[in-house]
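Some notes on the structure that comes next.
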Amino acid sequence: MSFTTALIDSGQLHLEVAATQRDRIWAGSQSFATPVSRWTAYLNGLAIAAILPWLTEEEMTPRFNAAAAKNQWELVNGSVVQIGTKRQPRRLVILAEEQLDLEEWTVPQEWVDSPAMVADYFLAAQVNPDAMPNEASVRLVGFTTQQRLKAQGQLDLNQRTYSLPQESWLGDLGLLALSLEAAPETQAATIELPELSVEAADSLIERLANPEQLEPRLNISFERWAALLAHGGWQQRLAERRRGEPAQRSIVDWVRNGLSNLGLNEGWSNAAPSLVPATAGVRSLATAEGAVDEQGNALAIGRSLMIEGDAYQLNCIALDLEANRWRIELRGVDGSQVQAGWALRIFSENLQDFEGNEDRAEIQQDNLYIDLQLAPGEGIVWETTPHAEGYIPEILRF
């Protein structure tokens, strides 16, 4: 990472990004669906490249999920960075704008009113992509809290943004680190979102997938839009559809016909896990053998995970491919083990629990697993506790 900092006569902090990194960020932004989302991704990418090292220098322990950001930048402006300790994490949303001398800064309503996306802090960043031939510049204007934004900001119901005059943002950035240490209350109440059925979500995604809709966030009610984005898997599907990427993750197809480019790009590979008897449960099936191909190889795929700094594997194992019976397994690799208190959970596509959907480690052990009988085309969402690094709720379809 190449960056420098300087305090200009305004007293505001300026961060610089080298031209080589700026050019890589520009190239990466060109895969987005529309001119609006491409520019959003470019400005936010520059802001992240400059600000993450500064947050690290200030010992705020930033954690940034690049995969989640790619989906969000397709749909809404802003970059989420988790700061603070793991025991008391806070969500910081960086707002990247190009305009100079803004009298007020606007914040998309999603980051303020959605309980799934709400931030604790907001950081205003003015981005100049061409400050000099060999660098870009990011000026940190100030920060505020969600609580202050709700109390003092103006909500524009047409654009679905909160606005706050620039002079109301706290320009002393040293106060951000102090606020993290003091841990004051930073959030006011959010709004209640409706529950969406799978059918309703499918309908909304189909309706909003056309990239000719430059701002899909304004084309349905805020409550339904926020409910759709609250589900990371649906958010991912919508973003992928708008970019023209395949939206479905068909585990059956991947096992039968080989992994697609999408699966390979997201870290899935062929797996050959060892099988053990399953526990009982309404959706669990006791078995000691899995399905195999003509060569006797297990019909299974897996993806590598990092949890608490150690390597693990999430496996999808076909127990009976024709009957659509599967085992979802979390297994330690390279000597790592599942720790006492950890859990593997499976949810329905709309994130509902069902009986037998959790396996929890009572003691340190090799693996966790849940066996399922699934309907053709049924979708599930996996989750581990603690979360894997870079976790996004991912819809796997069987």
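Each chain in the structure tokens gets a letter, A, B, ..., in the order shown, and its residues are numbered from 1; ligands are numbered from 1 in order too.
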key: DSSP-assigned alpha helix (DSSP H) among range 218-371 of chain A, expressed as JSON, numbers by chain   = {"A": [222, 223, 224, 225, 226, 227, 228, 229, 230, 232, 233, 234, 235, 236, 237, 238, 239, 240, 241, 242, 251, 252, 253, 254, 255, 256, 257, 261, 262, 263, 264, 265]}
What are the closest atom pairs, with distances in Å to one decimal, for all residues of range 151-239 of chain A lying within 10 Å of range 65-86 of chain A? Consider only C-alpha atoms, order rows by chain and residue number, and present the result as JSON lines.
{"residue": "A:Ala177", "atom": "CA", "partner": "A:Gly84", "partner_atom": "CA", "distance": 8.7}
{"residue": "A:Leu180", "atom": "CA", "partner": "A:Gly84", "partner_atom": "CA", "distance": 6.3}
{"residue": "A:Glu181", "atom": "CA", "partner": "A:Gly84", "partner_atom": "CA", "distance": 8.1}
{"residue": "A:Ala183", "atom": "CA", "partner": "A:Gly84", "partner_atom": "CA", "distance": 9.4}
{"residue": "A:Pro211", "atom": "CA", "partner": "A:Glu74", "partner_atom": "CA", "distance": 10.0}
{"residue": "A:Leu214", "atom": "CA", "partner": "A:Leu75", "partner_atom": "CA", "distance": 9.3}
{"residue": "A:Glu215", "atom": "CA", "partner": "A:Leu75", "partner_atom": "CA", "distance": 7.5}
{"residue": "A:Pro216", "atom": "CA", "partner": "A:Leu75", "partner_atom": "CA", "distance": 7.3}
{"residue": "A:Arg217", "atom": "CA", "partner": "A:Leu75", "partner_atom": "CA", "distance": 7.0}
{"residue": "A:Leu229", "atom": "CA", "partner": "A:Gln72", "partner_atom": "CA", "distance": 8.7}
{"residue": "A:Gly232", "atom": "CA", "partner": "A:Ala68", "partner_atom": "CA", "distance": 8.1}
{"residue": "A:Gly233", "atom": "CA", "partner": "A:Asn71", "partner_atom": "CA", "distance": 10.0}
{"residue": "A:Gln235", "atom": "CA", "partner": "A:Asn71", "partner_atom": "CA", "distance": 6.7}
{"residue": "A:Gln236", "atom": "CA", "partner": "A:Asn71", "partner_atom": "CA", "distance": 5.7}
{"residue": "A:Arg237", "atom": "CA", "partner": "A:Asn71", "partner_atom": "CA", "distance": 8.7}
{"residue": "A:Leu238", "atom": "CA", "partner": "A:Asn71", "partner_atom": "CA", "distance": 8.3}
{"residue": "A:Ala239", "atom": "CA", "partner": "A:Asn71", "partner_atom": "CA", "distance": 5.4}
Output of the above residues as an mmCIF file, in the first residue's frame, restricted to C-alpha atoms:
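out30.cif, freshly written:
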data_model
loop_
_atom_site.group_PDB
_atom_site.id
_atom_site.type_symbol
_atom_site.label_atom_id
_atom_site.label_comp_id
_atom_site.auth_asym_id
_atom_site.auth_seq_id
_atom_site.Cartn_x
_atom_site.Cartn_y
_atom_site.Cartn_z
ATOM 1 C CA ALA A 177 -10.761 6.913 18.131
ATOM 2 C CA LEU A 180 -14.478 4.049 20.206
ATOM 3 C CA GLU A 181 -12.693 3.802 23.546
ATOM 4 C CA ALA A 183 -18.129 3.433 23.634
ATOM 5 C CA PRO A 211 -29.457 -2.498 -15.517
ATOM 6 C CA LEU A 214 -30.032 3.215 -13.013
ATOM 7 C CA GLU A 215 -31.308 3.554 -9.431
ATOM 8 C CA PRO A 216 -33.345 0.461 -8.540
ATOM 9 C CA ARG A 217 -33.374 1.549 -4.890
ATOM 10 C CA LEU A 229 -31.030 -5.978 0.871
ATOM 11 C CA GLY A 232 -27.110 -10.961 1.973
ATOM 12 C CA GLY A 233 -27.938 -13.779 -0.433
ATOM 13 C CA GLN A 235 -28.575 -8.747 -2.265
ATOM 14 C CA GLN A 236 -25.870 -10.827 -3.936
ATOM 15 C CA ARG A 237 -28.305 -12.322 -6.465
ATOM 16 C CA LEU A 238 -29.649 -8.901 -7.437
ATOM 17 C CA ALA A 239 -26.178 -7.428 -7.862
#
task = Check range 97-333 of chain A with DSSP on the backbone and list each residue it calls strand (DSSP E), as a PyMOL selection string.
result = chain A and resi 97+104-108+121-132+135-145+154-156+161-165+268-270+300-307+310-320+325-332
ask   = Which one of A:Leu155, A:Ala227, A:Ala340, A:Ile301 sits closest to Ser260 in chain A if you count only C-alpha atoms?
value = A:Ile301
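With CA of Gln152 in chain A on one side and CA of Leu92 in chain A on the other, the separation reads 18.6 Å.
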task = List the neighbours of range 20-28 of chain A out to 8 Å using only C-alpha atoms; skip same-chain residues closer than 3 positions along the sequence, and give me the result as JSON, numbers by chain.
result = {"A": [17, 31, 42, 45, 46, 129, 134, 135, 136]}
Would you export the selected residues with N, CA and C atoms as a PDB file, in the first residue's frame, please?
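Just written: result.pdb:
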ATOM      1  N   VAL A  17      -3.324   8.190  -2.840  1.00  0.00           N
ATOM      2  CA  VAL A  17      -3.264   6.840  -3.385  1.00  0.00           C
ATOM      3  C   VAL A  17      -2.420   6.882  -4.649  1.00  0.00           C
ATOM      4  N   SER A  31     -16.385  -3.669 -14.325  1.00  0.00           N
ATOM      5  CA  SER A  31     -17.269  -4.830 -14.391  1.00  0.00           C
ATOM      6  C   SER A  31     -18.660  -4.526 -13.837  1.00  0.00           C
ATOM      7  N   TYR A  42     -15.706   3.060  -8.223  1.00  0.00           N
ATOM      8  CA  TYR A  42     -14.397   3.690  -8.389  1.00  0.00           C
ATOM      9  C   TYR A  42     -14.090   4.628  -7.233  1.00  0.00           C
ATOM     10  N   GLY A  45     -13.765   2.661  -4.011  1.00  0.00           N
ATOM     11  CA  GLY A  45     -12.521   1.892  -4.004  1.00  0.00           C
ATOM     12  C   GLY A  45     -11.323   2.754  -3.655  1.00  0.00           C
ATOM     13  N   LEU A  46     -11.263   3.973  -4.214  1.00  0.00           N
ATOM     14  CA  LEU A  46     -10.184   4.893  -3.879  1.00  0.00           C
ATOM     15  C   LEU A  46     -10.234   5.283  -2.404  1.00  0.00           C
ATOM     16  N   PRO A 129     -10.017  11.933  -8.006  1.00  0.00           N
ATOM     17  CA  PRO A 129      -9.293  10.832  -8.671  1.00  0.00           C
ATOM     18  C   PRO A 129      -8.037  11.284  -9.400  1.00  0.00           C
ATOM     19  N   ASN A 134       0.265  11.408 -10.879  1.00  0.00           N
ATOM     20  CA  ASN A 134       0.731  10.144 -10.307  1.00  0.00           C
ATOM     21  C   ASN A 134       0.041   9.765  -9.006  1.00  0.00           C
ATOM     22  N   GLU A 135      -1.136  10.332  -8.718  1.00  0.00           N
ATOM     23  CA  GLU A 135      -1.812   9.956  -7.484  1.00  0.00           C
ATOM     24  C   GLU A 135      -3.247  10.463  -7.483  1.00  0.00           C
ATOM     25  N   ALA A 136      -4.046   9.878  -6.615  1.00  0.00           N
ATOM     26  CA  ALA A 136      -5.383  10.370  -6.306  1.00  0.00           C
ATOM     27  C   ALA A 136      -5.372  10.881  -4.876  1.00  0.00           C
TER      28      ALA A 136
END
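Using only C-alpha atoms, the shortest contact distance between Gly174 in chain A and any of A:Glu245, A:Gly142, A:Ala271, A:Leu204 is found at A:Gly142.
Within the 9 Å cut-off around Arg139 in chain A, using only C-alpha atoms and omitting residues fewer than 4 positions from it on the same chain, the listed residues are Gln12, Leu13, His14, Leu15, Glu16, Ala47, Ala124, Ala125, Gln126, Val127 and Asn128 of chain A.
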Atomic distance CA of Leu193 in chain A - CA of Gln352 in chain A, expressed in Å with one decimal = 15.5 Å
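Proximity ranking of A:Thr190, A:Asn357, A:Gln30, A:Asn270 relative to Ala119 in chain A places A:Thr190 first, based on only C-alpha atoms.
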List as a compact mmCIF listing (two decimals) with N, CA and C atoms, in the first residue's frame the protein and nucleic acid residues near Gly377 in chain A, meaning an atom at most 10 Å away when only C-alpha atoms are counted, but skip any in the same chain fewer than 2 places from it.
# COMPACT_ATOMS: atom_id res chain seq x y z
N SER A 250 -26.08 -23.73 -8.15
CA SER A 250 -26.68 -25.05 -8.14
C SER A 250 -25.65 -26.08 -7.72
N ILE A 251 -25.75 -26.55 -6.49
CA ILE A 251 -24.82 -27.53 -5.99
C ILE A 251 -24.99 -28.85 -6.75
N VAL A 252 -26.23 -29.22 -7.07
CA VAL A 252 -26.48 -30.45 -7.82
C VAL A 252 -25.77 -30.39 -9.17
N ASN A 324 -31.84 -36.44 -3.54
CA ASN A 324 -31.51 -35.08 -3.10
C ASN A 324 -31.27 -35.03 -1.59
N LEU A 374 -33.79 -32.54 0.80
CA LEU A 374 -34.19 -31.28 0.17
C LEU A 374 -35.11 -31.52 -1.01
N ALA A 375 -36.02 -30.59 -1.22
CA ALA A 375 -36.87 -30.63 -2.40
C ALA A 375 -36.06 -30.16 -3.61
N GLY A 379 -33.48 -23.91 -1.82
CA GLY A 379 -32.31 -23.13 -1.44
C GLY A 379 -32.11 -23.14 0.07
N ILE A 380 -30.85 -23.13 0.48
CA ILE A 380 -30.51 -23.03 1.89
C ILE A 380 -29.42 -21.97 2.07
N LEU A 396 -27.36 -21.46 -1.40
CA LEU A 396 -26.97 -22.64 -2.15
C LEU A 396 -28.22 -23.36 -2.58
N ARG A 397 -28.33 -23.64 -3.88
CA ARG A 397 -29.55 -24.24 -4.40
C ARG A 397 -29.29 -25.71 -4.76
N PHE A 398 -30.23 -26.55 -4.37
CA PHE A 398 -30.09 -27.99 -4.58
C PHE A 398 -31.22 -28.53 -5.48
